[in-house]
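Asker: What follows is start.txt, made up of compact mmCIF, C-alpha atoms:
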# COMPACT_ATOMS: atom_id res chain seq x y z
CA MET A 1 -4.33 -62.21 -3.22
CA ALA A 2 -4.63 -59.02 -1.27
CA ALA A 3 -6.88 -58.51 1.71
CA ILE A 4 -6.45 -54.77 1.28
CA TYR A 5 -6.78 -53.50 -2.26
CA SER A 6 -6.06 -49.81 -1.85
CA LEU A 7 -5.86 -46.89 0.56
CA TYR A 8 -7.04 -43.32 -0.03
CA ILE A 9 -6.57 -40.25 2.15
CA ILE A 10 -8.60 -37.14 1.37
CA ASN A 11 -8.29 -33.72 2.97
CA LYS A 12 -11.18 -31.81 4.49
CA SER A 13 -12.18 -30.24 1.17
CA GLY A 14 -12.33 -33.55 -0.71
CA GLY A 15 -8.98 -33.40 -2.50
CA LEU A 16 -7.02 -36.62 -2.75
CA ILE A 17 -3.74 -36.25 -0.87
CA PHE A 18 -2.64 -39.88 -0.84
CA TYR A 19 -3.47 -42.96 -2.89
CA LYS A 20 -1.75 -46.31 -2.73
CA ASP A 21 -2.68 -49.49 -4.54
CA TYR A 22 -1.81 -52.82 -2.88
CA GLY A 23 -2.95 -55.17 -5.64
CA SER A 24 -6.21 -54.37 -7.45
CA ALA A 25 -6.76 -55.73 -10.92
CA GLY A 26 -6.19 -52.97 -13.45
CA ARG A 27 -4.43 -49.76 -12.52
CA MET A 28 -6.51 -46.72 -11.89
CA ASP A 29 -5.07 -43.58 -13.44
CA THR A 30 -4.50 -40.40 -11.45
CA ASN A 31 -7.53 -38.56 -12.79
CA ASP A 32 -9.84 -41.43 -11.93
CA SER A 33 -8.56 -41.73 -8.39
CA LEU A 34 -8.99 -37.97 -7.90
CA ARG A 35 -12.56 -38.16 -9.20
CA LEU A 36 -13.43 -41.14 -7.04
CA ALA A 37 -12.03 -39.44 -3.96
CA SER A 38 -14.06 -36.28 -4.41
CA LEU A 39 -17.14 -38.33 -5.28
CA TRP A 40 -16.72 -40.22 -2.01
CA HIS A 41 -16.36 -36.94 -0.15
CA SER A 42 -19.75 -35.76 -1.48
CA MET A 43 -21.51 -39.07 -0.89
CA HIS A 44 -20.22 -39.05 2.67
CA ALA A 45 -21.73 -35.58 3.17
CA ILE A 46 -25.07 -36.50 1.56
CA SER A 47 -25.40 -39.60 3.73
CA GLN A 48 -25.30 -37.32 6.78
CA GLN A 49 -28.17 -35.24 5.39
CA LEU A 50 -30.36 -38.30 4.85
CA SER A 51 -30.04 -39.63 8.37
CA PRO A 52 -33.38 -40.28 10.11
CA VAL A 53 -31.87 -39.46 13.51
CA PRO A 54 -29.65 -36.52 14.54
CA SER A 55 -25.84 -36.44 14.83
CA CYS A 56 -24.89 -38.68 11.94
CA SER A 57 -21.20 -38.65 11.02
CA GLY A 58 -21.31 -40.21 7.56
CA ILE A 59 -20.71 -43.62 5.99
CA GLU A 60 -18.40 -45.93 7.92
CA LEU A 61 -18.77 -49.08 5.84
CA LEU A 62 -19.97 -49.60 2.30
CA GLN A 63 -20.58 -53.20 1.27
CA ALA A 64 -20.36 -53.68 -2.48
CA ASP A 65 -20.65 -56.93 -4.44
CA THR A 66 -16.90 -57.47 -4.75
CA PHE A 67 -15.38 -55.33 -2.02
CA ASP A 68 -15.92 -53.56 1.30
CA LEU A 69 -15.03 -49.93 1.81
CA HIS A 70 -14.20 -48.83 5.36
CA CYS A 71 -13.97 -45.12 6.07
CA PHE A 72 -12.58 -43.27 9.06
CA GLN A 73 -12.90 -39.53 9.49
CA SER A 74 -10.58 -37.72 11.86
CA LEU A 75 -11.75 -34.79 13.99
CA THR A 76 -10.15 -32.34 11.58
CA GLY A 77 -12.09 -33.72 8.60
CA THR A 78 -9.36 -35.79 6.96
CA LYS A 79 -10.87 -39.02 5.67
CA PHE A 80 -9.03 -42.32 5.42
CA PHE A 81 -10.63 -45.14 3.49
CA VAL A 82 -9.53 -48.61 2.52
CA VAL A 83 -10.96 -50.89 -0.14
CA CYS A 84 -10.68 -54.50 1.01
CA GLU A 85 -12.09 -57.96 0.39
CA PRO A 86 -15.70 -58.50 1.49
CA GLY A 87 -15.94 -59.51 5.13
CA THR A 88 -12.42 -58.47 6.17
CA LEU A 89 -12.36 -57.88 9.92
CA HIS A 90 -10.51 -55.44 12.18
CA MET A 91 -10.42 -52.68 9.58
CA GLU A 92 -11.40 -49.94 12.05
CA ALA A 93 -8.31 -50.71 14.12
CA LEU A 94 -6.12 -50.74 11.02
CA LEU A 95 -7.52 -47.38 9.90
CA LYS A 96 -6.77 -45.92 13.33
CA HIS A 97 -3.24 -47.28 13.00
CA PHE A 98 -2.90 -45.62 9.59
CA TYR A 99 -4.06 -42.39 11.19
CA GLU A 100 -1.39 -42.77 13.84
CA LEU A 101 1.25 -43.28 11.15
CA TYR A 102 -0.08 -40.21 9.37
CA THR A 103 0.28 -38.05 12.47
CA ASP A 104 3.76 -39.41 13.15
CA PHE A 105 5.31 -39.41 9.70
CA VAL A 106 3.35 -36.74 7.83
CA LEU A 107 2.15 -34.12 10.30
CA LYS A 108 5.43 -34.11 12.20
CA ASN A 109 7.39 -33.74 9.00
CA PRO A 110 8.59 -30.10 8.92
CA PHE A 111 8.56 -30.05 5.11
CA TYR A 112 4.95 -31.15 4.79
CA GLU A 113 2.40 -28.48 3.90
CA MET A 114 -1.08 -29.06 5.30
CA GLU A 115 -3.79 -30.28 2.90
CA MET A 116 -1.22 -30.93 0.16
CA PRO A 117 -0.40 -34.30 -1.45
CA ILE A 118 1.71 -36.50 0.80
CA ARG A 119 5.19 -37.35 -0.39
CA CYS A 120 6.98 -38.91 2.57
CA GLU A 121 9.14 -41.97 2.04
CA LEU A 122 9.00 -43.06 5.68
CA PHE A 123 5.20 -42.92 5.62
CA ASP A 124 5.10 -45.15 2.52
CA ILE A 125 7.45 -47.66 4.13
CA SER A 126 5.60 -47.85 7.44
CA LEU A 127 2.26 -48.17 5.65
CA ALA A 128 3.57 -51.03 3.54
CA LEU A 129 4.84 -52.70 6.72
CA ALA A 130 1.45 -52.28 8.44
CA VAL A 131 -0.38 -53.76 5.44
CA GLN A 132 2.11 -56.64 5.29
CA LYS A 133 1.71 -57.30 9.00
CA ASP A 134 -2.07 -57.27 8.63
CA ARG A 135 -1.85 -59.85 5.86
CA VAL A 136 0.33 -62.12 7.97
CA ALA A 137 -2.10 -61.76 10.87
CA LEU A 138 -4.91 -62.60 8.48
CA LEU A 139 -3.17 -65.78 7.39
CA GLY A 140 -2.69 -66.72 11.04
CA ARG A 141 -6.41 -66.29 11.84
CA MET B 1 -61.86 -58.57 -0.40
CA GLN B 2 -60.21 -55.22 -0.35
CA PHE B 3 -57.55 -55.59 -2.98
CA PHE B 4 -57.38 -52.38 -4.93
CA GLY B 5 -56.50 -50.05 -2.12
CA GLY B 6 -58.38 -47.18 -0.61
CA SER B 7 -60.71 -44.79 -2.39
CA GLU B 8 -58.61 -41.68 -1.82
CA ILE B 9 -57.32 -39.95 -4.93
CA SER B 10 -54.07 -38.41 -3.70
CA PRO B 11 -51.28 -40.63 -2.42
CA SER B 12 -51.71 -40.86 1.30
CA PRO B 13 -49.08 -38.90 3.22
CA PRO B 14 -46.77 -41.14 5.19
CA VAL B 15 -48.52 -41.65 8.50
CA PRO B 16 -46.17 -42.53 11.33
CA THR B 17 -47.42 -45.82 12.62
CA ALA B 18 -46.36 -47.90 15.54
CA ALA B 19 -44.94 -50.49 13.16
CA GLY B 20 -41.26 -51.25 12.84
CA ASN B 21 -39.35 -50.97 16.05
CA ASN B 22 -36.16 -51.37 14.07
CA ALA B 23 -36.89 -49.84 10.68
CA HIS B 24 -36.86 -46.12 9.97
CA MET B 25 -38.15 -45.83 6.42
CA LEU B 26 -38.54 -47.55 3.08
CA TYR B 27 -38.30 -46.16 -0.43
CA VAL B 28 -39.26 -47.74 -3.75
CA PHE B 29 -37.99 -46.05 -6.91
CA ASN B 30 -38.50 -47.05 -10.52
CA ARG B 31 -35.72 -46.86 -13.10
CA ASN B 32 -36.54 -43.24 -13.97
CA GLY B 33 -36.05 -42.08 -10.42
CA VAL B 34 -39.76 -41.66 -9.65
CA CYS B 35 -40.51 -42.44 -6.02
CA LEU B 36 -43.27 -45.05 -6.21
CA LEU B 37 -43.59 -45.55 -2.48
CA TYR B 38 -42.31 -43.92 0.65
CA ARG B 39 -43.12 -45.39 4.05
CA GLU B 40 -41.86 -44.02 7.28
CA TRP B 41 -42.09 -45.57 10.69
CA ASN B 42 -39.65 -43.75 12.90
CA ARG B 43 -37.99 -40.58 11.68
CA PRO B 44 -37.38 -37.92 14.33
CA LEU B 45 -35.15 -35.79 12.09
CA LYS B 46 -36.55 -34.18 8.94
CA THR B 47 -34.37 -31.60 7.26
CA LEU B 48 -35.82 -31.55 3.74
CA SER B 49 -39.18 -31.52 2.01
CA PRO B 50 -40.32 -34.98 0.85
CA GLN B 51 -39.61 -34.26 -2.83
CA GLN B 52 -36.11 -32.99 -2.06
CA ASP B 53 -35.49 -35.93 0.21
CA HIS B 54 -36.49 -38.44 -2.49
CA LYS B 55 -34.35 -36.72 -5.09
CA LEU B 56 -31.36 -36.65 -2.78
CA MET B 57 -31.79 -40.33 -1.93
CA PHE B 58 -32.04 -41.36 -5.59
CA GLY B 59 -29.02 -39.22 -6.42
CA LEU B 60 -26.99 -40.77 -3.61
CA LEU B 61 -27.76 -44.30 -4.78
CA PHE B 62 -27.09 -43.45 -8.41
CA SER B 63 -23.72 -41.92 -7.62
CA LEU B 64 -22.72 -44.63 -5.18
CA LYS B 65 -23.44 -47.18 -7.90
CA SER B 66 -21.16 -45.43 -10.36
CA LEU B 67 -18.53 -45.17 -7.62
CA THR B 68 -18.63 -48.90 -6.83
CA ALA B 69 -18.65 -49.79 -10.55
CA LYS B 70 -15.49 -47.76 -11.07
CA MET B 71 -13.79 -48.80 -7.84
CA ASP B 72 -14.32 -52.56 -8.32
CA PRO B 73 -10.83 -53.99 -7.61
CA THR B 74 -11.49 -57.39 -9.18
CA SER B 75 -12.04 -56.40 -12.81
CA ALA B 76 -9.48 -54.72 -15.03
CA ASP B 77 -11.64 -52.93 -17.62
CA LYS B 78 -14.34 -50.83 -16.03
CA GLY B 79 -14.89 -47.97 -18.45
CA ASN B 80 -15.04 -44.39 -17.33
CA LEU B 81 -16.54 -43.07 -14.14
CA GLY B 82 -20.22 -42.39 -14.62
CA VAL B 83 -20.88 -44.27 -17.87
CA PRO B 84 -24.54 -45.35 -17.95
CA GLN B 85 -24.98 -48.96 -16.89
CA LEU B 86 -27.94 -51.29 -17.08
CA PRO B 87 -29.28 -52.83 -13.85
CA GLY B 88 -27.12 -55.84 -13.00
CA GLN B 89 -24.19 -54.56 -15.04
CA GLY B 90 -21.01 -53.60 -13.24
CA CYS B 91 -20.25 -53.89 -9.55
CA SER B 92 -23.13 -52.65 -7.39
CA PHE B 93 -23.55 -52.45 -3.61
CA HIS B 94 -26.04 -53.94 -1.17
CA SER B 95 -25.71 -51.85 1.97
CA PHE B 96 -23.90 -49.11 3.77
CA ARG B 97 -23.69 -48.24 7.43
CA THR B 98 -23.18 -44.97 9.31
CA ASN B 99 -23.10 -44.47 13.07
CA THR B 100 -26.85 -43.75 13.14
CA TYR B 101 -28.44 -45.93 10.46
CA LYS B 102 -27.94 -48.74 7.98
CA LEU B 103 -29.24 -48.53 4.45
CA SER B 104 -29.93 -51.73 2.51
CA PHE B 105 -30.40 -51.52 -1.22
CA MET B 106 -31.69 -53.87 -3.89
CA GLU B 107 -32.21 -53.34 -7.59
CA SER B 108 -34.34 -55.64 -9.73
CA PRO B 109 -33.45 -56.37 -13.38
CA SER B 110 -36.21 -53.99 -14.44
CA GLY B 111 -34.60 -51.18 -12.45
CA ILE B 112 -36.95 -51.15 -9.46
CA LYS B 113 -34.91 -50.00 -6.46
CA ILE B 114 -35.94 -50.94 -2.94
CA ILE B 115 -34.27 -49.12 -0.07
CA LEU B 116 -34.75 -49.98 3.57
CA VAL B 117 -33.25 -47.81 6.31
CA THR B 118 -32.85 -49.52 9.67
CA HIS B 119 -30.94 -49.42 12.93
CA PRO B 120 -27.14 -49.60 12.34
CA ARG B 121 -26.77 -52.95 14.07
CA THR B 122 -29.22 -54.80 11.83
CA GLY B 123 -27.82 -57.85 10.08
CA ASP B 124 -27.83 -58.71 6.39
CA LEU B 125 -31.20 -57.75 4.88
CA ARG B 126 -30.73 -58.97 1.30
CA GLU B 127 -33.25 -61.79 1.69
CA SER B 128 -35.77 -59.46 3.35
CA LEU B 129 -35.51 -57.03 0.45
CA LYS B 130 -36.14 -59.89 -1.97
CA TYR B 131 -39.21 -60.78 0.05
CA ILE B 132 -40.41 -57.16 -0.11
CA TYR B 133 -39.86 -57.27 -3.86
CA ASN B 134 -42.05 -60.37 -3.98
CA LEU B 135 -44.74 -58.50 -2.07
CA TYR B 136 -44.45 -55.70 -4.62
CA VAL B 137 -44.90 -58.18 -7.47
CA GLU B 138 -47.88 -59.84 -5.79
CA TYR B 139 -49.75 -56.78 -4.59
CA VAL B 140 -48.77 -54.08 -7.07
CA VAL B 141 -47.62 -55.53 -10.39
CA LYS B 142 -50.40 -58.10 -10.47
CA ASN B 143 -53.00 -55.46 -9.71
CA PRO B 144 -54.78 -54.81 -13.03
CA LEU B 145 -55.69 -51.25 -12.02
CA TYR B 146 -52.10 -50.24 -11.35
CA SER B 147 -50.37 -48.42 -14.19
CA PRO B 148 -46.58 -48.66 -14.05
CA GLY B 149 -44.68 -45.51 -13.17
CA ASN B 150 -47.35 -44.12 -10.85
CA PRO B 151 -47.12 -43.89 -7.06
CA ILE B 152 -48.39 -47.03 -5.35
CA ARG B 153 -51.70 -46.59 -3.53
CA SER B 154 -52.58 -49.92 -2.09
CA ASP B 155 -53.66 -50.24 1.52
CA LEU B 156 -53.28 -53.97 1.36
CA PHE B 157 -49.67 -53.66 0.20
CA ASN B 158 -48.95 -51.06 2.88
CA SER B 159 -50.43 -53.12 5.69
CA THR B 160 -48.66 -56.31 4.57
CA LEU B 161 -45.43 -54.36 4.35
CA ASP B 162 -45.91 -52.86 7.82
CA GLN B 163 -46.57 -56.27 9.24
CA TYR B 164 -43.49 -57.77 7.59
CA VAL B 165 -41.16 -54.92 8.54
CA ARG B 166 -42.40 -55.05 12.14
CA GLY B 167 -41.26 -58.66 12.30
CA LEU B 168 -37.76 -57.87 11.05
CA GLY B 169 -35.00 -58.53 13.58
Before we go any further, please render this structure as structure tokens.

Answerer:
Amino acid sequence: MAAIYSLYIINKSGGLIFYKDYGSAGRMDTNDSLRLASLWHSMHAISQQLSPVPSCSGIELLQADTFDLHCFQSLTGTKFFVVCEPGTLHMEALLKHFYELYTDFVLKNPFYEMEMPIRCELFDISLALAVQKDRVALLGR
Amino acid sequence: MQFFGGSEISPSPPVPTAAGNNAHMLYVFNRNGVCLLYREWNRPLKTLSPQQDHKLMFGLLFSLKSLTAKMDPTSADKGNLGVPQLPGQGCSFHSFRTNTYKLSFMESPSGIKIILVTHPRTGDLRESLKYIYNLYVEYVVKNPLYSPGNPIRSDLFNSTLDQYVRGLG
């Protein structure tokens, strides 16, 4: 059983640049994941418009019946979001760690073009390690 | 006993009251997206007209529901994104949180949606929303002069609601 079900990274215009599944039931095809990512981008923007107080920066946590969705937006507008089991803790820290990995293995990759889909083997490996480590830590808690 | 609300004809505009130190606003929608009730206690920022605001809120909830139904990682066959679903069908959501507010959402089997917007550090409000739904049943549905689908104009309901929301943690 996975604590983290999947990870999405979307660029500042709402295009999906990275999607990884870590054990959801039923594969999502590419078109669906693209649609979901851009839908999330718009919902995130609308939630800022509906805020009753100024300086709202969008949804950070969505609690659904069967999962939690944690979202982290970087200063440049790239959004990272994970789908995990309800009530999973320490997801903000994990998202920040994913962001760190992104800056190290994607942005510093000379062959990577900004805002384009991410294809970096080292990034995949280090992400898988981070998720694995988080699961072990979860078992220990 | 004053049971059937005030004598005014038009729905009273939301008057900012002193109630609700924690709550910002409350919406009640029916299944067609008509805003039956809008109460506001503390809303410094208004960017849209009330009609636009209600439409945007209903649209956000509708789309978030189709998003959660499609994203549900525990079921294998979910259909396409955006297929119409009955209330209670598919994976729904009960709250979301931003840095400035928390929105709690409940949908009854008949499609009545109750939305409460509060301070971001408020706890789980699912039971409170059920209680508000009970108030709606008692004061609105059981009112023989109320015709379904119309905006709610009941002073008694409003004051009971204010009193309850004021007591929320």

Asker: Please compute the CA of Gln63 in chain A-CA of Ser47 in chain A distance, one decimal, in Å.

Answerer: 14.6 Å

Asker: Identify all chain A residues at most 6 Å from chain B by counting only C-alpha atoms; ligands do not count. Present them as a list in words.

Answerer: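 The contacting residues on chain A are Ser24, Ala25, Gly26, Pro52, Val53, Cys56, Gly58, Ile59, Glu60, Leu61, Leu62, Gln63, Ala64 and Asp65 of chain A.
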
Asker: Distance CA of Leu127 in chain A-CA of His97 in chain A, one decimal place?

Answerer: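 Straight-line distance from CA of Leu127 in chain A to CA of His97 in chain A works out to 9.2 Å.
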
Asker: For a test of reading the model, state the distance in Å between CA of Asp124 in chain A and CA of Gly79 in chain B, rounded to one decimal.

Answerer: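 Distance between the two atoms: 29.1 Å.
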
Asker: So which one's closest to Leu125 in chain B, B:Leu145, B:Leu156, B:Val83, B:Ala23? Using only C-alpha atoms, please.

Answerer: B:Ala23

Asker: Which residues are near Ala3 in chain A? Cut-off 7 Å, only C-alpha atoms, ignore same chain within fewer than 2 positions. Put them as a ChimeraX atom specification.

Answerer: /A:1,5,84-85,135

Asker: Take the residues just selected and output them with C-alpha atoms as a PDB file, in the frame of the given file.

Answerer:
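Printed below is part-v3.pdb as written:
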ATOM      1  CA  MET A   1      -4.330 -62.210  -3.220  1.00  0.00           C
ATOM      2  CA  TYR A   5      -6.780 -53.500  -2.260  1.00  0.00           C
ATOM      3  CA  CYS A  84     -10.680 -54.500   1.010  1.00  0.00           C
ATOM      4  CA  GLU A  85     -12.090 -57.960   0.390  1.00  0.00           C
ATOM      5  CA  ARG A 135      -1.850 -59.850   5.860  1.00  0.00           C
TER       6      ARG A 135
END

Asker: Near Tyr146 in chain B, counting all atoms listed in the file, which residues have an atom at most 12 Å away, once you skip same-chain residues fewer than 4 positions from it, shown as a VMD selection string?

Answerer: chain B and resid 3 to 5 36 136 to 142 150 to 154

Asker: Show me, as AutoDock Vina command-line options, the centre and edge lengths in Å to one decimal of the axis-aligned box that covers every listed atom of range 134-151 of chain B with 4 Å on each side.

Answerer:
--center_x -48.9 --center_y -52.1 --center_z -8.1 --size_x 21.6 --size_y 24.5 --size_z 20.1

Asker: Which is closest to Tyr133 in chain B among B:Pro148, B:Pro109, B:Gly33, B:Pro120, if we use only C-alpha atoms?

Answerer: B:Pro109

Asker: Please identify all polymer residues within 12 Å of Leu107 in chain A, counting all atoms listed in the file, omitting same-chain residues fewer than 5 positions from it, and present them as a list in words.

Answerer: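 Near Leu107 in chain A, the qualifying residues are Tyr99, Glu100, Leu101, Tyr102, Tyr112, Glu113, Met114, Glu115, Met116, Ile118, Arg119, Cys120 and Phe123 of chain A.
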